[in-house]
Structure formats: C-alpha cells, structure tokens
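Shown next: entry_8.cif, given as mmCIF, C-alpha atoms.
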```cif
data_my_file
loop_
_atom_site.label_atom_id
_atom_site.label_comp_id
_atom_site.auth_asym_id
_atom_site.auth_seq_id
_atom_site.Cartn_x
_atom_site.Cartn_y
_atom_site.Cartn_z
CA MET D 1 109.09 60.96 166.04
CA ILE D 2 108.59 62.80 169.34
CA VAL D 3 107.47 66.43 169.59
CA LEU D 4 108.98 68.41 172.45
CA VAL D 5 106.92 71.46 173.41
CA ASP D 6 109.36 74.00 174.86
CA PHE D 7 107.87 76.09 177.66
CA GLY D 8 111.18 77.86 178.28
CA SER D 9 113.08 75.16 180.11
CA GLN D 10 116.83 75.42 180.27
CA THR D 11 116.90 71.66 179.72
CA ALA D 12 114.63 71.35 176.67
CA HIS D 13 117.58 70.89 174.33
CA LEU D 14 119.23 68.44 176.72
CA ILE D 15 116.02 66.40 176.85
CA SER D 16 115.76 66.38 173.06
CA ARG D 17 119.41 65.35 172.75
CA ARG D 18 118.91 62.41 175.13
CA VAL D 19 115.91 61.25 173.13
CA ARG D 20 117.90 61.59 169.89
CA ASP D 21 120.70 59.56 171.51
CA MET D 22 118.17 56.72 171.69
CA GLY D 23 117.72 56.93 167.91
CA VAL D 24 114.43 58.83 167.93
CA THR D 25 113.75 61.95 165.88
CA VAL D 26 112.74 64.96 168.00
CA GLU D 27 111.20 68.21 166.83
CA ILE D 28 111.15 71.13 169.27
CA VAL D 29 108.16 73.44 168.88
CA GLU D 30 106.77 76.52 170.60
CA PRO D 31 103.57 76.10 172.63
CA ASP D 32 101.52 78.26 170.22
CA ASP D 33 102.49 75.98 167.32
CA ALA D 34 102.21 72.65 169.12
CA TYR D 35 98.67 71.59 168.25
CA ASN D 36 98.93 72.30 164.53
CA PHE D 37 102.38 70.71 164.30
CA VAL D 38 101.27 67.58 166.15
CA LYS D 39 98.10 67.35 164.05
CA GLN D 40 100.15 67.57 160.82
CA THR D 41 102.92 65.16 161.81
CA SER D 42 101.19 62.54 164.04
CA PRO D 43 104.18 61.84 166.32
CA LYS D 44 104.41 58.76 168.54
CA GLY D 45 104.55 60.95 171.63
CA ILE D 46 104.75 64.47 173.01
CA ILE D 47 106.99 65.86 175.75
CA PHE D 48 105.97 69.02 177.59
CA SER D 49 109.15 70.61 178.98
CA GLY D 50 109.49 72.58 182.16
CA GLY D 51 109.71 76.33 182.30
CA PRO D 52 110.38 79.24 184.64
CA LEU D 53 106.79 80.41 185.13
CA SER D 54 103.78 79.28 187.12
CA VAL D 55 100.68 78.27 185.19
CA TYR D 56 98.81 80.94 187.18
CA GLU D 57 101.00 83.87 186.05
CA ASP D 58 99.65 86.37 183.54
CA GLY D 59 100.95 85.52 180.10
CA ALA D 60 102.05 82.00 181.10
CA PRO D 61 102.44 79.85 177.98
CA THR D 62 99.77 77.31 177.16
CA VAL D 63 98.77 74.98 174.35
CA ASP D 64 95.58 74.54 172.38
CA PRO D 65 93.57 72.21 174.66
CA ARG D 66 92.57 70.11 171.65
CA ILE D 67 96.06 68.57 171.86
CA PHE D 68 94.79 66.42 174.75
CA SER D 69 92.11 64.82 172.58
CA LEU D 70 94.48 63.58 169.86
CA GLY D 71 95.16 60.30 171.66
CA ILE D 72 98.94 60.80 171.64
CA PRO D 73 100.83 59.99 174.87
CA ILE D 74 102.22 63.03 176.69
CA LEU D 75 105.17 63.04 179.08
CA ALA D 76 104.96 66.25 181.11
CA ILE D 77 107.88 67.60 183.14
CA CYS D 78 107.73 70.36 185.76
CA TYR D 79 105.80 73.31 184.22
CA GLY D 80 104.47 70.93 181.58
CA MET D 81 102.98 68.73 184.31
CA GLN D 82 101.38 71.75 185.97
CA LEU D 83 99.82 72.74 182.64
CA LEU D 84 98.65 69.19 181.95
CA ALA D 85 97.02 68.90 185.39
CA LEU D 86 95.36 72.32 185.18
CA SER D 87 94.13 71.73 181.61
CA LEU D 88 92.52 68.43 182.57
CA GLY D 89 90.63 69.85 185.53
CA GLY D 90 93.18 69.53 188.32
CA LYS D 91 94.67 72.25 190.44
CA VAL D 92 98.26 73.20 191.11
CA GLU D 93 99.29 74.05 194.64
CA GLY D 94 102.57 74.72 196.37
CA ALA D 95 104.13 71.93 198.38
CA GLU D 96 104.92 72.04 202.07
CA VAL D 97 108.45 70.92 201.28
CA GLY D 98 110.89 72.34 198.75
CA GLU D 99 110.67 71.89 195.02
CA PHE D 100 113.11 68.99 194.93
CA GLY D 101 112.98 65.60 196.57
CA ARG D 102 110.50 62.88 197.26
CA SER D 103 106.79 63.63 197.57
CA ASP D 104 103.75 61.50 198.28
CA LEU D 105 100.97 61.33 195.71
CA HIS D 106 97.46 60.50 196.86
CA VAL D 107 95.00 59.49 194.16
CA HIS D 108 91.44 60.16 195.31
CA GLU D 109 89.78 59.28 192.05
CA HIS D 110 91.24 57.46 189.07
CA GLY D 111 90.72 59.25 185.78
CA ARG D 112 92.45 60.29 182.60
CA LEU D 113 95.67 61.37 184.30
CA LEU D 114 96.28 58.17 186.25
CA ALA D 115 94.64 54.91 185.31
#
```
Would you mind giving the structure from this file in structure tokens?
Amino acid sequence: MIVLVDFGSQTAHLISRRVRDMGVTVEIVEPDDAYNFVKQTSPKGIIFSGGPLSVYEDGAPTVDPRIFSLGIPILAICYGMQLLALSLGGKVEGAEVGEFGRSDLHVHEHGRLLA
C-alpha cells in the first residue's frame, strides 16, 4: 500500500489512479492525519502531492515531522518537495527561470535527501 498525502493538488486523484493502475492500493489522507495513519498502516511508501500554496505562507499545510523518522520512502512532488526540503533543514527559494522546464541541481553536501 502507498499513502498519498494530499496538500491540495489538483492532480492528487490522478496520481493515485495511476498508482492503482499499477495494481497498488492507495489511500489518500489529509496532512494532519498523515503521521498517525502511516504509523497505523505501515505502507511501503508515501507520496506527498503538490499544492497551491508556498511552504512559507501563513496556514500552509504541514505534516507531523516524526513522519520522516519512520524509515518509509517518500516521493515528494512540487509543494510536497518544498515541505520535505524545508522540514529536513533545507531552504526553498524561487528560481531564476519559470516554474516549468529543466533546472540544474547542485549538491554541495550529500545527506539524507540525496545519497
């Protein structure tokens, strides 16, 4: 089973459908419920969806940070990736180019995010 944490993405249900098309059970949960649900069900993986907000906005959704210590792989998309980076000590900045398209990634220090 995969748990999809829905941060308000218009594509959360599309993502879950594609995963189900591969024969995998998907449960969609709200960010506030994610940690407890994951702890109770022990899924094989977690997907953090995108969403319309910035992680720096007041009231932006988040998850219990203990979810990162459960040892379950997390695939983070868009907003979910911003939240993952910020929660693990990174920072989120705007890009010089638009939101879409190719970007270069420079790893200065290998750690938990990239090994």
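Our summary of the geometry notes that CA of Ile15 in chain D is positioned 22.3 Å from CA of Gly71 in chain D.
For Asp6 in chain D, the residues within 8 Å (counting only C-alpha atoms, excluding itself and residues fewer than 6 positions away along the chain) are Ala12, Ile28, Val29, Glu30, Pro31, Phe48, Ser49, Gly50 and Gly51 of chain D.
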Checklist entry - Which neighbours of Val3 in chain D fall inside 7 Å, counting only C-alpha atoms, when residues of the same chain fewer than 6 positions from it are skipped, and could you give them as a PyMOL selection string? => result chain D and resi 26-28+43+45-47
Item to check | Given all atoms listed in the file as the counted atoms, nearest of D:Thr25, D:Ser16, D:Thr41, D:Ser9 to Pro61 in chain D | outcome: D:Ser9
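In this model, the gap between CA of Phe37 in chain D and CA of Phe7 in chain D comes to 15.4 Å.
Across the structure, CA of His106 in chain D and CA of Ile74 in chain D are spaced 20.9 Å apart.
Nearest residue to Thr11 in chain D, choosing from D:Ile72, D:Ala34, D:Ala85, D:Cys78 and counting only C-alpha atoms: D:Cys78.
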Close residues, Tyr35 in chain D itself excluded, 7 Å, all atoms listed in the file, min 2 positions apart in chain, as an mmCIF file with C-alpha atoms, in the coordinates of the input:
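Listing of selection.cif after writing:
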```
data_model
loop_
_atom_site.group_PDB
_atom_site.id
_atom_site.type_symbol
_atom_site.label_atom_id
_atom_site.label_comp_id
_atom_site.auth_asym_id
_atom_site.auth_seq_id
_atom_site.Cartn_x
_atom_site.Cartn_y
_atom_site.Cartn_z
ATOM 1 C CA ASP D 33 102.490 75.980 167.320
ATOM 2 C CA PHE D 37 102.380 70.710 164.300
ATOM 3 C CA VAL D 38 101.270 67.580 166.150
ATOM 4 C CA LYS D 39 98.100 67.350 164.050
ATOM 5 C CA VAL D 63 98.770 74.980 174.350
ATOM 6 C CA ASP D 64 95.580 74.540 172.380
ATOM 7 C CA ILE D 67 96.060 68.570 171.860
#
```
Checklist entry - So what does the PyMOL selection byres ((chain D and resi 87) around 10) actually pick up in this one, as a ChimeraX atom specification? => result /D:55,62-65,68,81-86,88-91
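Among the candidate residues D:Tyr79, D:Asp32, D:Val24, D:Ser69, the one lying nearest to Gly8 in chain D is D:Tyr79, with distances computed using all atoms listed in the file.
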